[in-house]
>>> print(open('query.cif').read())   # mmCIF, C-alpha atoms
data_structure
loop_
_atom_site.label_atom_id
_atom_site.label_comp_id
_atom_site.auth_asym_id
_atom_site.auth_seq_id
_atom_site.Cartn_x
_atom_site.Cartn_y
_atom_site.Cartn_z
CA MET A 1 90.05 68.58 100.87
CA GLY A 2 90.76 71.78 102.78
CA CYS A 3 94.45 71.35 102.00
CA ILE A 4 93.81 71.01 98.25
CA GLN A 5 91.63 74.13 98.27
CA SER A 6 94.35 76.02 100.11
CA ILE A 7 97.00 75.02 97.54
CA THR A 8 94.71 76.03 94.66
CA CYS A 9 93.99 79.34 96.30
CA LYS A 10 97.66 80.13 96.82
CA ALA A 11 98.40 79.20 93.19
CA ARG A 12 96.19 82.01 91.87
CA ILE A 13 97.66 85.38 90.99
CA ARG A 14 95.75 88.15 92.73
CA ARG A 15 95.75 91.92 92.38
CA GLU A 16 97.34 92.40 95.80
CA ASN A 17 100.34 90.31 94.69
CA ILE A 18 101.08 92.55 91.68
CA VAL A 19 103.11 95.73 92.29
CA VAL A 20 102.69 98.71 89.95
CA TYR A 21 104.86 101.80 90.37
CA ASP A 22 106.28 104.79 88.48
CA VAL A 23 103.01 105.18 86.56
CA CYS A 24 103.43 108.13 84.19
CA ALA A 25 100.87 109.60 81.79
CA THR A 26 101.59 112.83 79.90
CA ILE A 27 100.81 114.73 76.72
CA ASP A 28 103.77 116.58 75.22
CA GLN A 29 103.61 120.29 76.02
CA CYS A 30 103.91 121.46 72.41
CA PRO A 31 101.27 122.78 70.02
CA THR A 32 99.74 120.81 67.17
CA ARG A 33 101.90 121.25 64.07
CA ILE A 34 100.19 122.20 60.78
CA GLU A 35 101.69 121.08 57.46
CA GLU A 36 100.75 122.92 54.26
CA THR A 37 103.05 121.35 51.71
CA SER A 38 100.50 119.52 49.55
CA PRO A 39 98.07 121.23 47.12
CA ILE A 40 95.61 118.38 47.80
CA VAL A 41 95.54 118.03 51.60
CA LEU A 42 96.32 119.84 54.81
CA ARG A 43 98.03 117.66 57.40
CA TYR A 44 98.38 118.24 61.13
CA LYS A 45 100.33 116.39 63.79
CA THR A 46 99.25 116.56 67.42
CA PRO A 47 101.54 116.16 70.43
CA TYR A 48 101.98 112.62 71.76
CA PHE A 49 100.09 111.04 74.62
CA LYS A 50 102.55 108.80 76.48
CA ALA A 51 101.95 106.24 79.22
CA SER A 52 104.42 104.02 81.04
CA ALA A 53 104.60 101.93 84.19
CA ARG A 54 106.89 99.51 86.02
CA VAL A 55 105.37 96.21 87.11
CA VAL A 56 106.47 93.45 89.46
CA MET A 57 104.63 90.18 88.85
CA PRO A 58 104.74 87.32 91.39
CA PRO A 59 105.88 83.82 90.36
CA ILE A 60 103.41 82.01 88.11
CA PRO A 61 102.94 78.59 89.71
CA ARG A 62 100.86 76.97 86.97
CA HIS A 63 101.20 76.19 83.26
CA GLU A 64 99.57 79.51 82.34
CA THR A 65 100.46 82.48 80.19
CA TRP A 66 99.93 86.01 81.47
CA VAL A 67 100.16 89.17 79.35
CA VAL A 68 100.58 92.56 81.01
CA GLY A 69 100.07 95.68 78.94
CA TRP A 70 97.99 98.60 77.73
CA ILE A 71 94.44 98.46 76.37
CA GLN A 72 92.89 101.63 74.97
CA ALA A 73 89.39 102.60 73.86
CA CYS A 74 87.80 105.69 72.34
CA ASN A 75 84.87 106.99 74.43
CA GLN A 76 83.88 110.03 72.41
CA MET A 77 84.74 111.53 69.01
CA GLU A 78 83.84 114.76 67.24
CA PHE A 79 85.82 115.40 64.06
CA PHE A 80 84.36 118.05 61.76
CA ASN A 81 85.89 119.71 58.70
CA THR A 82 83.88 122.74 57.52
CA TYR A 83 83.87 123.86 53.88
CA SER A 84 82.70 127.48 53.69
CA ASP A 85 78.88 127.59 53.73
CA LEU A 86 78.54 124.38 51.67
CA GLY A 87 78.62 121.88 54.53
CA MET A 88 81.06 119.72 56.45
CA SER A 89 82.74 116.34 56.33
CA SER A 90 82.91 114.37 59.55
CA TRP A 91 84.62 111.22 60.71
CA GLU A 92 82.10 109.35 62.83
CA LEU A 93 81.81 106.17 64.90
CA PRO A 94 78.10 105.37 64.37
CA ASP A 95 77.69 102.90 67.26
CA LEU A 96 79.37 105.34 69.65
CA ARG A 97 77.48 108.35 68.30
CA GLU A 98 74.11 106.59 68.64
CA GLY A 99 74.90 105.36 72.15
CA ARG A 100 74.79 101.67 71.23
CA VAL A 101 78.23 101.16 72.81
CA LYS A 102 80.15 103.06 75.49
CA ALA A 103 83.59 102.60 73.93
CA ILE A 104 85.31 101.24 70.82
CA SER A 105 88.65 99.45 70.80
CA ASP A 106 91.66 101.51 69.81
CA SER A 107 93.83 98.45 69.24
CA ASP A 108 96.34 98.42 66.39
CA GLY A 109 93.93 96.09 64.58
CA VAL A 110 96.21 93.06 64.97
CA SER A 111 96.96 92.58 68.66
CA TYR A 112 93.40 92.61 70.09
CA PRO A 113 92.68 93.59 72.77
CA TRP A 114 96.10 95.22 73.25
CA TYR A 115 97.04 98.65 71.92
CA GLY A 116 100.17 97.12 70.38
CA ASN A 117 102.61 94.26 70.86
CA THR A 118 106.09 95.79 71.12
CA THR A 119 106.75 98.04 74.12
CA GLU A 120 103.03 97.92 75.00
CA THR A 121 102.95 94.36 76.36
CA VAL A 122 105.05 91.77 78.17
CA THR A 123 104.24 88.03 78.04
CA LEU A 124 105.04 85.74 80.97
CA VAL A 125 104.87 81.95 80.53
CA GLY A 126 104.44 79.82 83.66
CA PRO A 127 105.40 78.03 85.69
CA THR A 128 108.05 80.42 87.03
CA ASN A 129 109.67 80.31 90.45
CA LYS A 130 110.70 83.94 90.84
CA ILE A 131 109.22 87.41 90.45
CA SER A 132 109.34 89.26 87.10
CA ARG A 133 110.20 92.96 86.83
CA PHE A 134 109.54 94.90 83.63
CA SER A 135 108.25 98.13 82.09
CA VAL A 136 105.44 98.67 79.59
CA SER A 137 104.90 101.86 77.59
CA MET A 138 102.79 103.25 74.75
CA ASN A 139 102.23 106.46 72.85
CA ASP A 140 99.49 107.84 70.61
CA ASN A 141 98.83 110.92 68.50
CA PHE A 142 96.85 112.13 65.45
CA TYR A 143 98.46 112.73 62.06
CA PRO A 144 95.61 112.89 59.52
CA SER A 145 95.11 114.46 56.11
CA VAL A 146 92.16 116.75 55.32
CA THR A 147 91.35 117.68 51.73
CA TRP A 148 91.44 121.37 50.83
CA ALA A 149 88.52 120.80 48.45
CA VAL A 150 85.07 119.39 49.23
CA PRO A 151 85.61 115.60 49.42
CA VAL A 152 82.59 114.74 47.21
CA SER A 153 83.52 117.25 44.52
CA ASP A 154 85.58 116.77 41.35
CA SER A 155 86.92 120.28 41.82
CA ASN A 156 90.31 121.00 43.38
CA VAL A 157 89.31 124.50 44.51
CA PRO A 158 90.30 124.94 48.19
CA LEU A 159 87.19 125.65 50.28
CA LEU A 160 88.22 124.27 53.69
CA THR A 161 87.61 126.87 56.41
CA ARG A 162 87.73 125.04 59.78
CA ILE A 163 88.91 121.80 61.40
CA LYS A 164 87.56 120.89 64.84
CA ARG A 165 88.40 117.67 66.62
CA ASP A 166 87.67 116.53 70.15
CA GLN A 167 88.37 112.94 71.18
CA SER A 168 88.39 111.21 74.57
CA PHE A 169 90.07 107.94 75.51
CA THR A 170 90.38 105.53 78.41
CA THR A 171 93.64 103.60 78.74
CA TRP A 172 93.97 100.62 81.06
CA LEU A 173 97.01 98.78 82.34
CA VAL A 174 95.87 95.15 82.54
CA ALA A 175 97.21 91.73 83.50
CA MET A 176 95.39 89.03 81.54
CA ASN A 177 95.53 85.26 81.89
CA THR A 178 95.36 84.08 78.28
CA THR A 179 94.44 80.56 79.42
CA THR A 180 91.40 81.47 81.54
CA LYS A 181 90.78 84.99 80.11
CA GLU A 182 90.84 86.40 83.65
CA LYS A 183 91.61 90.13 83.63
CA ILE A 184 93.12 92.14 86.49
CA ILE A 185 92.91 95.90 85.99
CA LEU A 186 96.03 97.56 87.40
CA GLN A 187 95.55 101.20 86.39
CA THR A 188 93.06 103.44 84.58
CA ILE A 189 93.96 106.64 82.71
CA LYS A 190 91.66 109.19 81.07
CA TRP A 191 92.86 111.60 78.41
CA ARG A 192 91.54 113.94 75.74
CA MET A 193 92.93 115.52 72.58
CA ARG A 194 91.45 118.67 71.02
CA VAL A 195 92.33 120.43 67.78
CA ASP A 196 90.90 123.68 66.40
CA ILE A 197 92.31 125.02 63.13
CA GLU A 198 91.05 128.06 61.23
CA VAL A 199 91.66 128.13 57.48
CA ASP A 200 91.52 130.95 54.92
CA PRO A 201 91.33 129.10 51.58
CA LEU A 202 91.93 132.29 49.62
CA GLN A 203 95.50 132.59 50.90
CA LEU A 204 98.54 131.05 49.23
CA LEU A 205 99.49 127.48 50.12
CA GLY A 206 101.64 127.64 53.24
CA GLN A 207 99.77 130.66 54.65
CA ARG A 208 96.20 129.37 54.94
CA ALA A 209 95.88 127.65 58.31
CA ARG A 210 96.44 128.68 61.91
CA LEU A 211 95.85 127.05 65.26
CA VAL A 212 93.16 128.73 67.37
CA GLY A 213 92.09 128.16 70.96
CA ARG A 214 94.39 126.39 73.41
CA THR A 215 97.93 125.63 72.24
CA GLN A 216 98.57 122.95 74.89
CA GLN A 217 96.48 119.93 75.77
CA GLU A 218 95.01 119.06 79.16
CA GLN A 219 97.23 116.57 80.96
CA PRO A 220 95.90 113.01 81.39
CA ARG A 221 94.28 111.90 84.65
CA VAL A 222 95.54 108.78 86.40
CA LEU A 223 92.47 107.58 88.29
CA SER A 224 92.62 106.42 91.89
CA ARG A 225 89.88 103.88 91.15
CA MET A 226 89.86 101.06 88.62
CA GLU A 227 87.25 101.59 85.92
CA PRO A 228 85.81 98.44 84.30
CA ILE A 229 86.58 97.72 80.64
CA PRO A 230 83.51 97.67 78.35
CA HIS A 231 83.23 94.57 76.15
CA ASN A 232 83.60 96.57 72.91
CA ALA A 233 86.97 97.87 74.08
CA LEU A 234 88.30 94.30 73.88
CA VAL A 235 87.05 93.09 70.49
CA LYS A 236 86.86 93.98 66.81
CA PRO A 237 86.25 96.35 65.17
CA ASN A 238 88.78 98.93 66.26
CA ALA A 239 88.12 102.64 65.85
CA ASN A 240 90.03 102.89 62.55
CA ASP A 241 87.94 100.13 60.97
CA ALA A 242 84.62 101.26 62.47
CA GLN A 243 84.83 104.93 61.50
CA VAL A 244 82.96 106.34 58.51
CA LEU A 245 83.54 109.61 56.64
CA MET A 246 80.29 111.49 56.03
CA TRP A 247 79.56 114.53 53.91
CA ARG A 248 76.84 116.62 55.53
CA PRO A 249 75.80 119.42 53.17
CA LYS A 250 73.91 122.53 54.31
CA ARG A 251 71.24 121.50 51.81
CA GLY A 252 70.35 117.96 50.86
CA PRO A 253 70.82 114.53 52.47
CA PRO A 254 74.12 113.35 54.00
CA LEU A 255 76.39 111.11 51.92
CA VAL A 256 78.77 108.33 52.91
CA VAL A 257 82.19 109.22 51.46
CA ILE A 258 84.22 106.38 53.03
CA PRO A 259 82.28 103.46 54.58
CA PRO A 260 83.54 101.43 57.55
CA LYS A 261 85.98 98.64 56.68
#
>>> encode(input="query.cif", output="structure tokens")
Amino acid sequence: MGCIQSITCKARIRRENIVVYDVCATIDQCPTRIEETSPIVLRYKTPYFKASARVVMPPIPRHETWVVGWIQACNQMEFFNTYSDLGMSSWELPDLREGRVKAISDSDGVSYPWYGNTTETVTLVGPTNKISRFSVSMNDNFYPSVTWAVPVSDSNVPLLTRIKRDQSFTTWLVAMNTTTKEKIILQTIKWRMRVDIEVDPLQLLGQRARLVGRTQQEQPRVLSRMEPIPHNALVKPNANDAQVLMWRPKRGPPLVVIPPK
């Protein structure tokens, strides 16, 4: 009996048997780029957050499948677009805003719970009799459109005066046994992206917007401890499907412009 237990124990993959090295997490050191080519919307493109790591996995002695890759969740989001003294539109995650959840999945919406399924993950099918060496990487940025005119108005008159965005994320490198659903957290990264754009709607198209505040983002933090993954970071809905666009006028009740999917 003791022998059988010993064999079973040795057959399990443990954190101490997985080697992670060359962990890199950066945000490109360039400013957010503003695009004023459309008479309907302003667009802006932030620098990229990039994460990569090399992993050495031990042999998989059983008929099991392991996936190693990146999982990401949004922990906090403020995204306000101000329209003169009329009010503001805001993209919101209601469950996060109200404190009902601590994080919302930032999966691509297909590969739950993974951020993506190309360079972001590697799948290992057991049994294998030798170690596996590989790299996993991901990147993320914002590239939204914001209407020049009030989003609940039929008018096309540009009234946008300010865009402020502040979002925080946690990104985990994880090894997951798809057979047993066991998860081994290998690395935790925290990062934040902030955007502050001032707009003069009276100027000609192409001369209205300018970046204010910091021109470079804070660099991500690779934590020395492993932070647990909240349940909502692993399941539907993802942030894109859960977010709602609100119009919050200076006077009158707020309106839902775009409901969650």
>>> residues_near_point(input="query.cif", point="(74.5, 118.3, 46.2)", cutoff="12 Å", atoms="all atoms listed in the file", output="mmCIF file with C-alpha atoms, in the coordinates of the input")
data_model
loop_
_atom_site.group_PDB
_atom_site.id
_atom_site.type_symbol
_atom_site.label_atom_id
_atom_site.label_comp_id
_atom_site.auth_asym_id
_atom_site.auth_seq_id
_atom_site.Cartn_x
_atom_site.Cartn_y
_atom_site.Cartn_z
ATOM 1 C CA LEU A 86 78.540 124.380 51.670
ATOM 2 C CA GLY A 87 78.620 121.880 54.530
ATOM 3 C CA VAL A 150 85.070 119.390 49.230
ATOM 4 C CA PRO A 151 85.610 115.600 49.420
ATOM 5 C CA VAL A 152 82.590 114.740 47.210
ATOM 6 C CA SER A 153 83.520 117.250 44.520
ATOM 7 C CA TRP A 247 79.560 114.530 53.910
ATOM 8 C CA ARG A 248 76.840 116.620 55.530
ATOM 9 C CA PRO A 249 75.800 119.420 53.170
ATOM 10 C CA LYS A 250 73.910 122.530 54.310
ATOM 11 C CA ARG A 251 71.240 121.500 51.810
ATOM 12 C CA GLY A 252 70.350 117.960 50.860
ATOM 13 C CA PRO A 253 70.820 114.530 52.470
ATOM 14 C CA PRO A 254 74.120 113.350 54.000
ATOM 15 C CA LEU A 255 76.390 111.110 51.920
#
>>> closest_residue(input="query.cif", among="A:Ile189, A:Val67, A:Leu245, A:Leu93", to="Phe49 (chain A)", atoms="all atoms listed in the file")
A:Ile189
>>> closest_residue(input="query.cif", among="A:Ala53, A:Met193, A:Met138, A:Leu124", to="Arg214 (chain A)", atoms="only C-alpha atoms")
A:Met193
>>> atom_distance(input="query.cif", atom1="CA of Ser132 (chain A)", atom2="CA of Met57 (chain A)")
5.1 Å
>>> residues_near_point(input="query.cif", point="(87.1, 122.6, 55.1)", cutoff="9 Å", atoms="all atoms listed in the file", output="MDAnalysis selection string")
chainID A and resid 80:84 87:89 146:150 158:163 199 201
>>> resolve_selection(input="query.cif", expression="the PyMOL selection byres ((chain A and resi 230-242) around 6)", output="list in words")
Ala73, Ala103, Ile104, Ser105, Asp106, Ser107, Pro113, Ile229, Gln243, Pro260 and Lys261 of chain A
>>> resolve_selection(input="query.cif", expression="the PyMOL selection byres ((chain A and resi 207) around 12)", output="PyMOL selection string")
chain A and resi 34-37+42+198-206+208-211
>>> residues_around(input="query.cif", residues="Gln216 (chain A)", least_positions_apart="4", cutoff="8 Å", atoms="only C-alpha atoms", output="list in words")
Gln29, Cys30 and Pro31 of chain A
>>> resolve_selection(input="query.cif", expression="the PyMOL selection byres ((chain A and resi 79) around 7)", output="MDAnalysis selection string")
chainID A and resid 77:78 80:81 90:91 164:166
>>> atom_distance(input="query.cif", atom1="CA of Trp172 (chain A)", atom2="CA of Pro59 (chain A)")
22.6 Å
>>> decode(input="query.cif", residues="region 241-254 of chain A", atoms="all heavy atoms", output="PDB file, in the first residue's frame")
ATOM      1  N   ASP A 241     -17.443  41.711 -22.856  1.00  0.00           N
ATOM      2  CA  ASP A 241     -18.864  41.367 -22.883  1.00  0.00           C
ATOM      3  C   ASP A 241     -19.622  41.929 -21.682  1.00  0.00           C
ATOM      4  O   ASP A 241     -20.830  42.143 -21.747  1.00  0.00           O
ATOM      5  CB  ASP A 241     -19.049  39.851 -22.927  1.00  0.00           C
ATOM      6  CG  ASP A 241     -18.649  39.256 -24.275  1.00  0.00           C
ATOM      7  OD1 ASP A 241     -18.450  40.040 -25.230  1.00  0.00           O
ATOM      8  OD2 ASP A 241     -18.527  38.021 -24.379  1.00  0.00           O
ATOM      9  N   ALA A 242     -18.916  42.147 -20.571  1.00  0.00           N
ATOM     10  CA  ALA A 242     -19.577  42.599 -19.338  1.00  0.00           C
ATOM     11  C   ALA A 242     -19.713  44.118 -19.271  1.00  0.00           C
ATOM     12  O   ALA A 242     -20.541  44.640 -18.524  1.00  0.00           O
ATOM     13  CB  ALA A 242     -18.800  42.100 -18.121  1.00  0.00           C
ATOM     14  N   GLN A 243     -18.925  44.840 -20.064  1.00  0.00           N
ATOM     15  CA  GLN A 243     -18.921  46.299 -19.919  1.00  0.00           C
ATOM     16  C   GLN A 243     -20.173  46.926 -20.526  1.00  0.00           C
ATOM     17  O   GLN A 243     -20.775  46.408 -21.469  1.00  0.00           O
ATOM     18  CB  GLN A 243     -17.658  46.903 -20.523  1.00  0.00           C
ATOM     19  CG  GLN A 243     -17.528  46.780 -22.020  1.00  0.00           C
ATOM     20  CD  GLN A 243     -16.194  47.318 -22.530  1.00  0.00           C
ATOM     21  OE1 GLN A 243     -15.377  47.823 -21.760  1.00  0.00           O
ATOM     22  NE2 GLN A 243     -15.966  47.219 -23.816  1.00  0.00           N
ATOM     23  N   VAL A 244     -20.565  48.051 -19.955  1.00  0.00           N
ATOM     24  CA  VAL A 244     -21.741  48.789 -20.405  1.00  0.00           C
ATOM     25  C   VAL A 244     -21.335  50.250 -20.604  1.00  0.00           C
ATOM     26  O   VAL A 244     -20.520  50.782 -19.845  1.00  0.00           O
ATOM     27  CB  VAL A 244     -22.897  48.658 -19.378  1.00  0.00           C
ATOM     28  CG1 VAL A 244     -22.444  49.106 -17.984  1.00  0.00           C
ATOM     29  CG2 VAL A 244     -24.118  49.456 -19.802  1.00  0.00           C
ATOM     30  N   LEU A 245     -21.870  50.883 -21.660  1.00  0.00           N
ATOM     31  CA  LEU A 245     -21.605  52.300 -21.892  1.00  0.00           C
ATOM     32  C   LEU A 245     -22.780  53.104 -21.334  1.00  0.00           C
ATOM     33  O   LEU A 245     -23.925  52.910 -21.752  1.00  0.00           O
ATOM     34  CB  LEU A 245     -21.415  52.596 -23.381  1.00  0.00           C
ATOM     35  CG  LEU A 245     -21.125  54.070 -23.720  1.00  0.00           C
ATOM     36  CD1 LEU A 245     -19.811  54.535 -23.109  1.00  0.00           C
ATOM     37  CD2 LEU A 245     -21.119  54.295 -25.239  1.00  0.00           C
ATOM     38  N   MET A 246     -22.481  53.973 -20.371  1.00  0.00           N
ATOM     39  CA  MET A 246     -23.494  54.814 -19.743  1.00  0.00           C
ATOM     40  C   MET A 246     -23.347  56.265 -20.208  1.00  0.00           C
ATOM     41  O   MET A 246     -22.233  56.734 -20.475  1.00  0.00           O
ATOM     42  CB  MET A 246     -23.342  54.773 -18.215  1.00  0.00           C
ATOM     43  CG  MET A 246     -23.500  53.416 -17.582  1.00  0.00           C
ATOM     44  SD  MET A 246     -25.175  52.746 -17.717  1.00  0.00           S
ATOM     45  CE  MET A 246     -26.107  53.978 -16.791  1.00  0.00           C
ATOM     46  N   TRP A 247     -24.479  56.957 -20.275  1.00  0.00           N
ATOM     47  CA  TRP A 247     -24.448  58.409 -20.420  1.00  0.00           C
ATOM     48  C   TRP A 247     -24.916  58.997 -19.094  1.00  0.00           C
ATOM     49  O   TRP A 247     -26.008  58.680 -18.623  1.00  0.00           O
ATOM     50  CB  TRP A 247     -25.332  58.886 -21.559  1.00  0.00           C
ATOM     51  CG  TRP A 247     -25.539  60.381 -21.572  1.00  0.00           C
ATOM     52  CD1 TRP A 247     -26.699  61.057 -21.336  1.00  0.00           C
ATOM     53  CD2 TRP A 247     -24.542  61.383 -21.820  1.00  0.00           C
ATOM     54  NE1 TRP A 247     -26.496  62.413 -21.417  1.00  0.00           N
ATOM     55  CE2 TRP A 247     -25.178  62.641 -21.721  1.00  0.00           C
ATOM     56  CE3 TRP A 247     -23.174  61.335 -22.106  1.00  0.00           C
ATOM     57  CZ2 TRP A 247     -24.499  63.839 -21.898  1.00  0.00           C
ATOM     58  CZ3 TRP A 247     -22.494  62.541 -22.287  1.00  0.00           C
ATOM     59  CH2 TRP A 247     -23.148  63.774 -22.184  1.00  0.00           C
ATOM     60  N   ARG A 248     -24.067  59.809 -18.475  1.00  0.00           N
ATOM     61  CA  ARG A 248     -24.375  60.396 -17.181  1.00  0.00           C
ATOM     62  C   ARG A 248     -24.427  61.918 -17.337  1.00  0.00           C
ATOM     63  O   ARG A 248     -23.395  62.599 -17.255  1.00  0.00           O
ATOM     64  CB  ARG A 248     -23.333  59.975 -16.140  1.00  0.00           C
ATOM     65  CG  ARG A 248     -23.309  58.464 -15.919  1.00  0.00           C
ATOM     66  CD  ARG A 248     -22.433  58.037 -14.763  1.00  0.00           C
ATOM     67  NE  ARG A 248     -22.517  56.594 -14.544  1.00  0.00           N
ATOM     68  CZ  ARG A 248     -23.470  55.994 -13.842  1.00  0.00           C
ATOM     69  NH1 ARG A 248     -24.432  56.725 -13.290  1.00  0.00           N
ATOM     70  NH2 ARG A 248     -23.478  54.679 -13.690  1.00  0.00           N
ATOM     71  N   PRO A 249     -25.640  62.443 -17.580  1.00  0.00           N
ATOM     72  CA  PRO A 249     -25.770  63.888 -17.802  1.00  0.00           C
ATOM     73  C   PRO A 249     -25.605  64.671 -16.498  1.00  0.00           C
ATOM     74  O   PRO A 249     -25.809  64.139 -15.403  1.00  0.00           O
ATOM     75  CB  PRO A 249     -27.197  64.023 -18.348  1.00  0.00           C
ATOM     76  CG  PRO A 249     -27.933  62.862 -17.762  1.00  0.00           C
ATOM     77  CD  PRO A 249     -26.932  61.740 -17.650  1.00  0.00           C
ATOM     78  N   LYS A 250     -25.248  65.962 -16.631  1.00  0.00           N
ATOM     79  CA  LYS A 250     -25.172  66.833 -15.451  1.00  0.00           C
ATOM     80  C   LYS A 250     -26.556  66.962 -14.813  1.00  0.00           C
ATOM     81  O   LYS A 250     -26.688  67.057 -13.595  1.00  0.00           O
ATOM     82  CB  LYS A 250     -24.653  68.209 -15.866  1.00  0.00           C
ATOM     83  CG  LYS A 250     -23.146  68.262 -16.084  1.00  0.00           C
ATOM     84  CD  LYS A 250     -22.399  68.342 -14.757  1.00  0.00           C
ATOM     85  CE  LYS A 250     -20.885  68.310 -14.915  1.00  0.00           C
ATOM     86  NZ  LYS A 250     -20.331  69.476 -15.599  1.00  0.00           N
ATOM     87  N   ARG A 251     -27.579  66.944 -15.664  1.00  0.00           N
ATOM     88  CA  ARG A 251     -28.951  67.029 -15.161  1.00  0.00           C
ATOM     89  C   ARG A 251     -29.755  65.859 -15.730  1.00  0.00           C
ATOM     90  O   ARG A 251     -29.682  65.586 -16.914  1.00  0.00           O
ATOM     91  CB  ARG A 251     -29.601  68.358 -15.571  1.00  0.00           C
ATOM     92  CG  ARG A 251     -28.904  69.584 -15.034  1.00  0.00           C
ATOM     93  CD  ARG A 251     -29.553  70.866 -15.550  1.00  0.00           C
ATOM     94  NE  ARG A 251     -28.790  72.051 -15.159  1.00  0.00           N
ATOM     95  CZ  ARG A 251     -27.733  72.500 -15.806  1.00  0.00           C
ATOM     96  NH1 ARG A 251     -27.311  71.881 -16.886  1.00  0.00           N
ATOM     97  NH2 ARG A 251     -27.079  73.573 -15.381  1.00  0.00           N
ATOM     98  N   GLY A 252     -30.509  65.214 -14.861  1.00  0.00           N
ATOM     99  CA  GLY A 252     -31.340  64.103 -15.322  1.00  0.00           C
ATOM    100  C   GLY A 252     -30.720  62.754 -14.993  1.00  0.00           C
ATOM    101  O   GLY A 252     -29.556  62.668 -14.579  1.00  0.00           O
ATOM    102  N   PRO A 253     -31.492  61.683 -15.185  1.00  0.00           N
ATOM    103  CA  PRO A 253     -31.038  60.333 -14.820  1.00  0.00           C
ATOM    104  C   PRO A 253     -30.038  59.776 -15.837  1.00  0.00           C
ATOM    105  O   PRO A 253     -30.052  60.167 -17.009  1.00  0.00           O
ATOM    106  CB  PRO A 253     -32.332  59.513 -14.826  1.00  0.00           C
ATOM    107  CG  PRO A 253     -33.208  60.229 -15.815  1.00  0.00           C
ATOM    108  CD  PRO A 253     -32.881  61.684 -15.697  1.00  0.00           C
ATOM    109  N   PRO A 254     -29.181  58.859 -15.401  1.00  0.00           N
ATOM    110  CA  PRO A 254     -28.244  58.219 -16.345  1.00  0.00           C
ATOM    111  C   PRO A 254     -28.979  57.311 -17.327  1.00  0.00           C
ATOM    112  O   PRO A 254     -30.065  56.786 -17.027  1.00  0.00           O
ATOM    113  CB  PRO A 254     -27.315  57.415 -15.434  1.00  0.00           C
ATOM    114  CG  PRO A 254     -28.086  57.204 -14.176  1.00  0.00           C
ATOM    115  CD  PRO A 254     -28.986  58.378 -14.022  1.00  0.00           C
TER     116      PRO A 254
END
